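Novice: I have a structure here, written as structure tokens, and I will follow up with some questions on it.
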Amino acid sequence: MLRWSARHRTARTPPRSVLELAAGPAEHAREFAARGIEATALDLNPAMCAYAAERGAGLPLRVVRGDMAAFRLGRRFDLIITMLDSTAHLMTLDAIVAHLDRVAAHVATDGVYVLEMSHPADRLTARSRSSNSWRVARDGEQADVRWGEPDDVLDPITQIVADHVTITVTSGDATRVIRGVVPYRFWTATELEAAIRLCGSLEIAARYGDFADVGVDDPAAWRLITVLRPAAAQPGDQGVAAQPGIG
Ligand SMILES: C[S@@+](CC[C@H](N)C(=O)[O-])C[C@H]1O[C@@H](n2cnc3c(N)ncnc32)[C@H](O)[C@@H]1O
């Protein structure tokens, strides 16, 4: 993200401020803060906010409870990020356009927005490019996560699926199974482009298919990462606004 920020910001300097949206545990914001970059993490869930604040104690990190489609922080950031497909929690076109509007209101004039989504091949082709199960081990405990079951299919009209999630936590001889259902809204690349045009205040600077600059069309691409920046004023924009009586 620092590489992309340097590449796509006109200032080409490291960001001095970062805003992570739908931050959950704020892993990324905390990492930026640990590197001395002033970071803000925003999430809707109070438990996640409390966890992020606790883990980030002592760092230049502010944790804010808020909706990524309706926040007002009264300031701008050099870098804004939404990672791990968290825009899948925006269920409607109005919600994603409102989200982009809020990002546009908070990104610095020479700032960028890095938006990481699943690669659409995961849902539109027979062969998913990412795994839906993984293991996390920490402090003698292990959690095996399984995200989605074969019967979890997209509603063809709403593009929403109820993903069944199972987390099996093993601690010594004890095993505990946590189950949940998470509504997931699938956004295609072309829908995102349309939402950006509807927003009108942002434009695409670049797209990447992974974190090592693979192209989004490359067969090896496994994420859809879009780097956005404030839209350049179109020729004529100023003229029309400045001349009362026209139109
Ligand atoms: C997959 S988790 C977070 C992952 C995090 N982005 C990361 O990269 O580790 C998704 C998060 O989105 C948050 N969320 C869902 N809807 C939201 C909304 N409308 N505004 C802000 N946060 C939201 C949830 O509370 C949850 O913490």
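All residue names refer to the structure tokens as shown: chains lettered A, B, ... in order, residues numbered from 1 in each chain, ligands numbered from 1 in order.
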When DSSP is applied to the backbone of this structure, which of segment 94-169 of chain A are assigned strand (DSSP E)? Write them out as an mmCIF file with N, CA and C atoms, in the first residue's frame.
Specialist:
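Output contents, as saved in selection27.cif:
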```
data_model
loop_
_atom_site.group_PDB
_atom_site.id
_atom_site.type_symbol
_atom_site.label_atom_id
_atom_site.label_comp_id
_atom_site.auth_asym_id
_atom_site.auth_seq_id
_atom_site.Cartn_x
_atom_site.Cartn_y
_atom_site.Cartn_z
ATOM 1 N N VAL A 107 -10.680 12.128 1.397
ATOM 2 C CA VAL A 107 -9.346 11.878 0.829
ATOM 3 C C VAL A 107 -8.715 13.232 0.471
ATOM 4 N N ALA A 108 -7.412 13.359 0.779
ATOM 5 C CA ALA A 108 -6.703 14.605 0.460
ATOM 6 C C ALA A 108 -6.671 14.812 -1.054
ATOM 7 N N THR A 109 -6.489 16.065 -1.463
ATOM 8 C CA THR A 109 -6.481 16.386 -2.900
ATOM 9 C C THR A 109 -5.490 15.514 -3.650
ATOM 10 N N ASP A 110 -4.335 15.236 -3.038
ATOM 11 C CA ASP A 110 -3.357 14.367 -3.709
ATOM 12 C C ASP A 110 -3.302 12.997 -3.020
ATOM 13 N N GLY A 111 -4.405 12.612 -2.378
ATOM 14 C CA GLY A 111 -4.443 11.323 -1.680
ATOM 15 C C GLY A 111 -4.967 10.212 -2.569
ATOM 16 N N VAL A 112 -4.912 8.982 -2.067
ATOM 17 C CA VAL A 112 -5.461 7.844 -2.818
ATOM 18 C C VAL A 112 -6.291 6.955 -1.894
ATOM 19 N N TYR A 113 -7.181 6.218 -2.542
ATOM 20 C CA TYR A 113 -8.024 5.242 -1.852
ATOM 21 C C TYR A 113 -7.704 3.856 -2.421
ATOM 22 N N VAL A 114 -7.260 2.932 -1.566
ATOM 23 C CA VAL A 114 -6.983 1.556 -1.994
ATOM 24 C C VAL A 114 -8.136 0.677 -1.518
ATOM 25 N N LEU A 115 -8.833 0.089 -2.474
ATOM 26 C CA LEU A 115 -10.015 -0.729 -2.204
ATOM 27 C C LEU A 115 -9.732 -2.160 -2.658
ATOM 28 N N GLU A 116 -9.654 -3.075 -1.699
ATOM 29 C CA GLU A 116 -9.337 -4.479 -2.026
ATOM 30 C C GLU A 116 -10.587 -5.346 -1.918
ATOM 31 N N MET A 117 -10.933 -5.979 -3.033
ATOM 32 C CA MET A 117 -12.094 -6.883 -3.059
ATOM 33 C C MET A 117 -11.635 -8.272 -3.479
ATOM 34 N N SER A 118 -12.515 -9.264 -3.321
ATOM 35 C CA SER A 118 -12.257 -10.587 -3.904
ATOM 36 C C SER A 118 -12.167 -10.444 -5.415
ATOM 37 N N SER A 133 -10.883 -21.623 3.195
ATOM 38 C CA SER A 133 -10.605 -22.114 4.555
ATOM 39 C C SER A 133 -9.155 -21.806 4.919
ATOM 40 N N TRP A 134 -8.944 -21.473 6.165
ATOM 41 C CA TRP A 134 -7.600 -21.151 6.628
ATOM 42 C C TRP A 134 -7.490 -21.403 8.127
ATOM 43 N N ARG A 135 -6.264 -21.433 8.615
ATOM 44 C CA ARG A 135 -5.998 -21.707 10.033
ATOM 45 C C ARG A 135 -5.211 -20.543 10.649
ATOM 46 N N VAL A 136 -5.603 -20.160 11.848
ATOM 47 C CA VAL A 136 -4.858 -19.153 12.599
ATOM 48 C C VAL A 136 -4.430 -19.805 13.909
ATOM 49 N N ALA A 137 -3.145 -19.726 14.233
ATOM 50 C CA ALA A 137 -2.666 -20.309 15.499
ATOM 51 C C ALA A 137 -1.998 -19.219 16.311
ATOM 52 N N ARG A 138 -2.379 -19.118 17.613
ATOM 53 C CA ARG A 138 -1.788 -18.089 18.469
ATOM 54 C C ARG A 138 -1.942 -18.491 19.928
ATOM 55 N N GLU A 141 -3.514 -21.664 21.000
ATOM 56 C CA GLU A 141 -4.861 -21.952 20.468
ATOM 57 C C GLU A 141 -4.802 -21.967 18.953
ATOM 58 N N GLN A 142 -5.749 -22.700 18.372
ATOM 59 C CA GLN A 142 -5.775 -22.763 16.910
ATOM 60 C C GLN A 142 -7.220 -22.588 16.452
ATOM 61 N N ALA A 143 -7.410 -21.793 15.429
ATOM 62 C CA ALA A 143 -8.768 -21.609 14.892
ATOM 63 C C ALA A 143 -8.768 -22.007 13.423
ATOM 64 N N ASP A 144 -9.648 -22.949 13.088
ATOM 65 C CA ASP A 144 -9.825 -23.335 11.687
ATOM 66 C C ASP A 144 -11.106 -22.689 11.180
ATOM 67 N N VAL A 145 -10.930 -21.860 10.157
ATOM 68 C CA VAL A 145 -12.060 -21.083 9.639
ATOM 69 C C VAL A 145 -12.497 -21.685 8.310
ATOM 70 N N ARG A 146 -13.801 -21.826 8.153
ATOM 71 C CA ARG A 146 -14.344 -22.246 6.867
ATOM 72 C C ARG A 146 -15.413 -21.228 6.484
ATOM 73 N N TRP A 147 -15.185 -20.525 5.387
ATOM 74 C CA TRP A 147 -16.061 -19.404 5.004
ATOM 75 C C TRP A 147 -16.857 -19.800 3.764
ATOM 76 N N ILE A 160 -26.651 -11.173 -3.562
ATOM 77 C CA ILE A 160 -26.332 -11.363 -2.141
ATOM 78 C C ILE A 160 -26.398 -12.856 -1.832
ATOM 79 N N VAL A 161 -25.455 -13.316 -1.031
ATOM 80 C CA VAL A 161 -25.458 -14.712 -0.591
ATOM 81 C C VAL A 161 -25.349 -14.725 0.931
ATOM 82 N N ALA A 162 -26.022 -15.679 1.555
ATOM 83 C CA ALA A 162 -25.865 -15.865 3.009
ATOM 84 C C ALA A 162 -24.749 -16.895 3.193
ATOM 85 N N ASP A 163 -23.548 -16.418 3.476
ATOM 86 C CA ASP A 163 -22.402 -17.320 3.625
ATOM 87 C C ASP A 163 -22.420 -17.971 5.017
ATOM 88 N N HIS A 164 -22.370 -19.296 5.045
ATOM 89 C CA HIS A 164 -22.308 -20.014 6.322
ATOM 90 C C HIS A 164 -20.844 -20.129 6.744
ATOM 91 N N VAL A 165 -20.564 -19.638 7.938
ATOM 92 C CA VAL A 165 -19.186 -19.579 8.431
ATOM 93 C C VAL A 165 -19.053 -20.493 9.643
ATOM 94 N N THR A 166 -17.996 -21.298 9.645
ATOM 95 C CA THR A 166 -17.737 -22.171 10.796
ATOM 96 C C THR A 166 -16.316 -21.921 11.279
ATOM 97 N N ILE A 167 -16.176 -21.680 12.566
ATOM 98 C CA ILE A 167 -14.851 -21.506 13.158
ATOM 99 C C ILE A 167 -14.694 -22.566 14.247
ATOM 100 N N THR A 168 -13.702 -23.433 14.086
ATOM 101 C CA THR A 168 -13.446 -24.478 15.072
ATOM 102 C C THR A 168 -12.206 -24.086 15.860
ATOM 103 N N VAL A 169 -12.402 -23.831 17.152
ATOM 104 C CA VAL A 169 -11.298 -23.370 18.000
ATOM 105 C C VAL A 169 -10.831 -24.548 18.856
#
```
Novice: At a cut-off of 7 Å and counting only C-alpha atoms and all ligand atoms, what residues surround ligand 1? Please answer as a list in words.
Specialist: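 Protein and nucleic-acid residues within 7 Å of ligand 1: Leu21, Ala22, Ala23, Gly24, Pro25, Ala26, Glu27, His28, Leu42, Asp43, Leu44, Asn45, Met48, Gly66, Asp67, Met68, Ala69, Thr82, Met83, Leu84, Asp85, Ser86, His89 and Leu90 of chain A.
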Novice: Take the residues just selected and output them with N, CA and C atoms as a JSON list (two decimals), in the first residue's frame.
Specialist:
```json
[["chain", "number", "residue", "atom", "x", "y", "z"],
["A", 21, "LEU", "N", -11.11, 1.79, 6.72],
["A", 21, "LEU", "CA", -12.57, 1.67, 6.87],
["A", 21, "LEU", "C", -12.97, 0.21, 7.02],
["A", 22, "ALA", "N", -14.07, -0.03, 7.74],
["A", 22, "ALA", "CA", -14.50, -1.41, 8.07],
["A", 22, "ALA", "C", -13.29, -2.17, 8.56],
["A", 23, "ALA", "N", -12.61, -1.55, 9.50],
["A", 23, "ALA", "CA", -11.26, -1.99, 9.88],
["A", 23, "ALA", "C", -11.24, -3.27, 10.70],
["A", 24, "GLY", "N", -12.37, -3.65, 11.30],
["A", 24, "GLY", "CA", -12.36, -4.84, 12.15],
["A", 24, "GLY", "C", -11.30, -4.69, 13.23],
["A", 25, "PRO", "N", -10.35, -5.62, 13.31],
["A", 25, "PRO", "CA", -9.32, -5.52, 14.34],
["A", 25, "PRO", "C", -8.25, -4.45, 14.06],
["A", 26, "ALA", "N", -8.39, -3.77, 12.93],
["A", 26, "ALA", "CA", -7.49, -2.66, 12.55],
["A", 26, "ALA", "C", -6.04, -3.13, 12.39],
["A", 27, "GLU", "N", -5.88, -4.32, 11.84],
["A", 27, "GLU", "CA", -4.53, -4.85, 11.63],
["A", 27, "GLU", "C", -3.68, -3.88, 10.82],
["A", 28, "HIS", "N", -4.30, -3.34, 9.74],
["A", 28, "HIS", "CA", -3.52, -2.48, 8.84],
["A", 28, "HIS", "C", -3.26, -1.12, 9.49],
["A", 42, "LEU", "N", -11.96, 2.86, 11.45],
["A", 42, "LEU", "CA", -13.41, 3.05, 11.61],
["A", 42, "LEU", "C", -14.11, 1.72, 11.39],
["A", 43, "ASP", "N", -15.03, 1.39, 12.28],
["A", 43, "ASP", "CA", -15.82, 0.15, 12.12],
["A", 43, "ASP", "C", -17.18, 0.36, 12.78],
["A", 44, "LEU", "N", -18.17, -0.40, 12.27],
["A", 44, "LEU", "CA", -19.54, -0.27, 12.78],
["A", 44, "LEU", "C", -19.73, -1.03, 14.08],
["A", 45, "ASN", "N", -18.94, -2.05, 14.30],
["A", 45, "ASN", "CA", -19.18, -2.97, 15.41],
["A", 45, "ASN", "C", -18.43, -2.52, 16.67],
["A", 48, "MET", "N", -15.58, -4.80, 17.86],
["A", 48, "MET", "CA", -14.36, -4.72, 17.05],
["A", 48, "MET", "C", -13.59, -3.45, 17.36],
["A", 66, "GLY", "N", -18.30, 3.90, 13.39],
["A", 66, "GLY", "CA", -19.04, 4.61, 12.34],
["A", 66, "GLY", "C", -19.37, 3.69, 11.18],
["A", 67, "ASP", "N", -20.22, 4.22, 10.32],
["A", 67, "ASP", "CA", -20.69, 3.48, 9.14],
["A", 67, "ASP", "C", -19.86, 3.95, 7.94],
["A", 68, "MET", "N", -19.28, 3.00, 7.21],
["A", 68, "MET", "CA", -18.42, 3.38, 6.08],
["A", 68, "MET", "C", -19.21, 4.06, 4.95],
["A", 69, "ALA", "N", -20.55, 4.05, 5.05],
["A", 69, "ALA", "CA", -21.36, 4.72, 4.03],
["A", 69, "ALA", "C", -21.93, 6.05, 4.54],
["A", 82, "THR", "N", -9.75, 0.16, 2.33],
["A", 82, "THR", "CA", -10.76, -0.81, 2.79],
["A", 82, "THR", "C", -10.27, -2.17, 2.30],
["A", 83, "MET", "N", -9.96, -3.05, 3.24],
["A", 83, "MET", "CA", -9.28, -4.30, 2.89],
["A", 83, "MET", "C", -10.20, -5.51, 3.12],
["A", 84, "LEU", "N", -9.75, -6.62, 2.55],
["A", 84, "LEU", "CA", -10.36, -7.93, 2.79],
["A", 84, "LEU", "C", -11.84, -7.95, 2.40],
["A", 85, "ASP", "N", -12.13, -7.33, 1.26],
["A", 85, "ASP", "CA", -13.47, -7.43, 0.69],
["A", 85, "ASP", "C", -14.56, -6.88, 1.62],
["A", 86, "SER", "N", -14.21, -5.91, 2.46],
["A", 86, "SER", "CA", -15.19, -5.46, 3.44],
["A", 86, "SER", "C", -16.31, -4.63, 2.81],
["A", 89, "HIS", "N", -20.06, -5.76, 2.60],
["A", 89, "HIS", "CA", -21.11, -5.45, 3.59],
["A", 89, "HIS", "C", -22.00, -4.31, 3.12],
["A", 90, "LEU", "N", -21.69, -3.73, 1.96],
["A", 90, "LEU", "CA", -22.56, -2.69, 1.39],
["A", 90, "LEU", "C", -23.50, -3.40, 0.43]]
```
Novice: Just the residues within 8 Å of Phe186 of chain A, please, counting only C-alpha atoms, with nothing from its chain fewer than 2 positions along; format it as a list in words.
Specialist: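 Final neighbour list, sorted by chain and number: Ala88, Arg123, Leu154, Gln159, Ile160, Val161, Tyr184 and Thr188 of chain A.
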Novice: Skipping near chain neighbours, those fewer than 2 positions away, what residues fall within 12 Å of Asp78 of chain A using only C-alpha atoms, listed as a PyMOL selection string?
Specialist: chain A and resi 1-2+5-6+8-20+37-40+75-76+80-81+103-104+106-114+228-230
Novice: From the set A:Ala33, A:Val214, A:Ala47, A:Ile178, which residue has the shortest atom-to-atom contact distance to Leu59 of chain A, counting only C-alpha atoms?
Specialist: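 Selected residue with least distance to Leu59 of chain A: A:Ala33.
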Novice: If you run DSSP over the backbone, which residues in segment 41-234 of chain A end up helix (DSSP H, G or I)? Put them as JSON, numbers by chain.
Specialist: {"A": [46, 47, 48, 49, 50, 51, 52, 53, 54, 55, 86, 87, 88, 89, 93, 94, 95, 96, 97, 98, 99, 100, 101, 102, 103, 104, 105, 106, 121, 122, 123, 124, 189, 190, 191, 192, 193, 194, 195, 196, 197, 198, 199]}
Novice: Could you save those same residues with C-alpha atoms as a PDB file, in the first residue's frame?
Specialist:
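So the final result, stored in result_10.pdb, reads:
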```
ATOM      1  CA  PRO A  46     -18.483  -1.719  18.965  1.00  0.00           C
ATOM      2  CA  ALA A  47     -16.787  -4.988  19.971  1.00  0.00           C
ATOM      3  CA  MET A  48     -14.361  -4.719  17.045  1.00  0.00           C
ATOM      4  CA  CYS A  49     -13.686  -1.067  17.901  1.00  0.00           C
ATOM      5  CA  ALA A  50     -12.939  -1.995  21.527  1.00  0.00           C
ATOM      6  CA  TYR A  51     -10.629  -4.807  20.416  1.00  0.00           C
ATOM      7  CA  ALA A  52      -8.802  -2.540  17.934  1.00  0.00           C
ATOM      8  CA  ALA A  53      -8.374   0.185  20.578  1.00  0.00           C
ATOM      9  CA  GLU A  54      -7.048  -2.300  23.119  1.00  0.00           C
ATOM     10  CA  ARG A  55      -4.539  -3.801  20.655  1.00  0.00           C
ATOM     11  CA  SER A  86     -15.193  -5.457   3.441  1.00  0.00           C
ATOM     12  CA  THR A  87     -17.273  -3.497   0.896  1.00  0.00           C
ATOM     13  CA  ALA A  88     -19.210  -6.782   0.538  1.00  0.00           C
ATOM     14  CA  HIS A  89     -21.113  -5.454   3.589  1.00  0.00           C
ATOM     15  CA  LEU A  93     -25.963   0.438  -5.199  1.00  0.00           C
ATOM     16  CA  ASP A  94     -27.048   3.444  -3.105  1.00  0.00           C
ATOM     17  CA  ALA A  95     -24.881   2.185  -0.219  1.00  0.00           C
ATOM     18  CA  ILE A  96     -21.714   1.754  -2.308  1.00  0.00           C
ATOM     19  CA  VAL A  97     -22.186   5.154  -3.989  1.00  0.00           C
ATOM     20  CA  ALA A  98     -22.724   6.752  -0.555  1.00  0.00           C
ATOM     21  CA  HIS A  99     -19.530   5.007   0.602  1.00  0.00           C
ATOM     22  CA  LEU A 100     -17.568   6.403  -2.365  1.00  0.00           C
ATOM     23  CA  ASP A 101     -19.016   9.880  -1.684  1.00  0.00           C
ATOM     24  CA  ARG A 102     -17.801   9.686   1.928  1.00  0.00           C
ATOM     25  CA  VAL A 103     -14.342   8.532   0.775  1.00  0.00           C
ATOM     26  CA  ALA A 104     -14.197  11.447  -1.693  1.00  0.00           C
ATOM     27  CA  ALA A 105     -15.065  13.847   1.159  1.00  0.00           C
ATOM     28  CA  HIS A 106     -12.199  12.510   3.297  1.00  0.00           C
ATOM     29  CA  ALA A 121     -13.387 -14.990 -10.888  1.00  0.00           C
ATOM     30  CA  ASP A 122     -14.147 -16.496  -7.474  1.00  0.00           C
ATOM     31  CA  ARG A 123     -17.874 -16.102  -8.095  1.00  0.00           C
ATOM     32  CA  LEU A 124     -18.107 -15.971 -11.909  1.00  0.00           C
ATOM     33  CA  ALA A 189     -15.626  -4.975 -11.613  1.00  0.00           C
ATOM     34  CA  THR A 190     -18.015  -3.274 -14.032  1.00  0.00           C
ATOM     35  CA  GLU A 191     -20.514  -2.461 -11.270  1.00  0.00           C
ATOM     36  CA  LEU A 192     -17.742  -0.863  -9.273  1.00  0.00           C
ATOM     37  CA  GLU A 193     -16.793   1.250 -12.300  1.00  0.00           C
ATOM     38  CA  ALA A 194     -20.428   2.318 -12.682  1.00  0.00           C
ATOM     39  CA  ALA A 195     -20.661   3.213  -8.964  1.00  0.00           C
ATOM     40  CA  ILE A 196     -17.473   5.306  -9.298  1.00  0.00           C
ATOM     41  CA  ARG A 197     -19.002   7.181 -12.238  1.00  0.00           C
ATOM     42  CA  LEU A 198     -22.230   7.727 -10.304  1.00  0.00           C
ATOM     43  CA  CYS A 199     -20.200   9.134  -7.422  1.00  0.00           C
TER      44      CYS A 199
END
```
Novice: What is the atom CA of Ser201 of chain A-atom CA of Arg72 of chain A distance in Å, reported with one decimal?
Specialist: 16.4 Å
Novice: Please report the interatomic distance between atom CA of Arg185 of chain A and atom CA of Thr125 of chain A in Å with one decimal.
Specialist: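 It comes out at 16.8 Å.
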Novice: What separation in Å, quoted to one decimal, exists between atom CA of Arg30 of chain A and atom CA of Arg65 of chain A?
Specialist: 15.9 Å
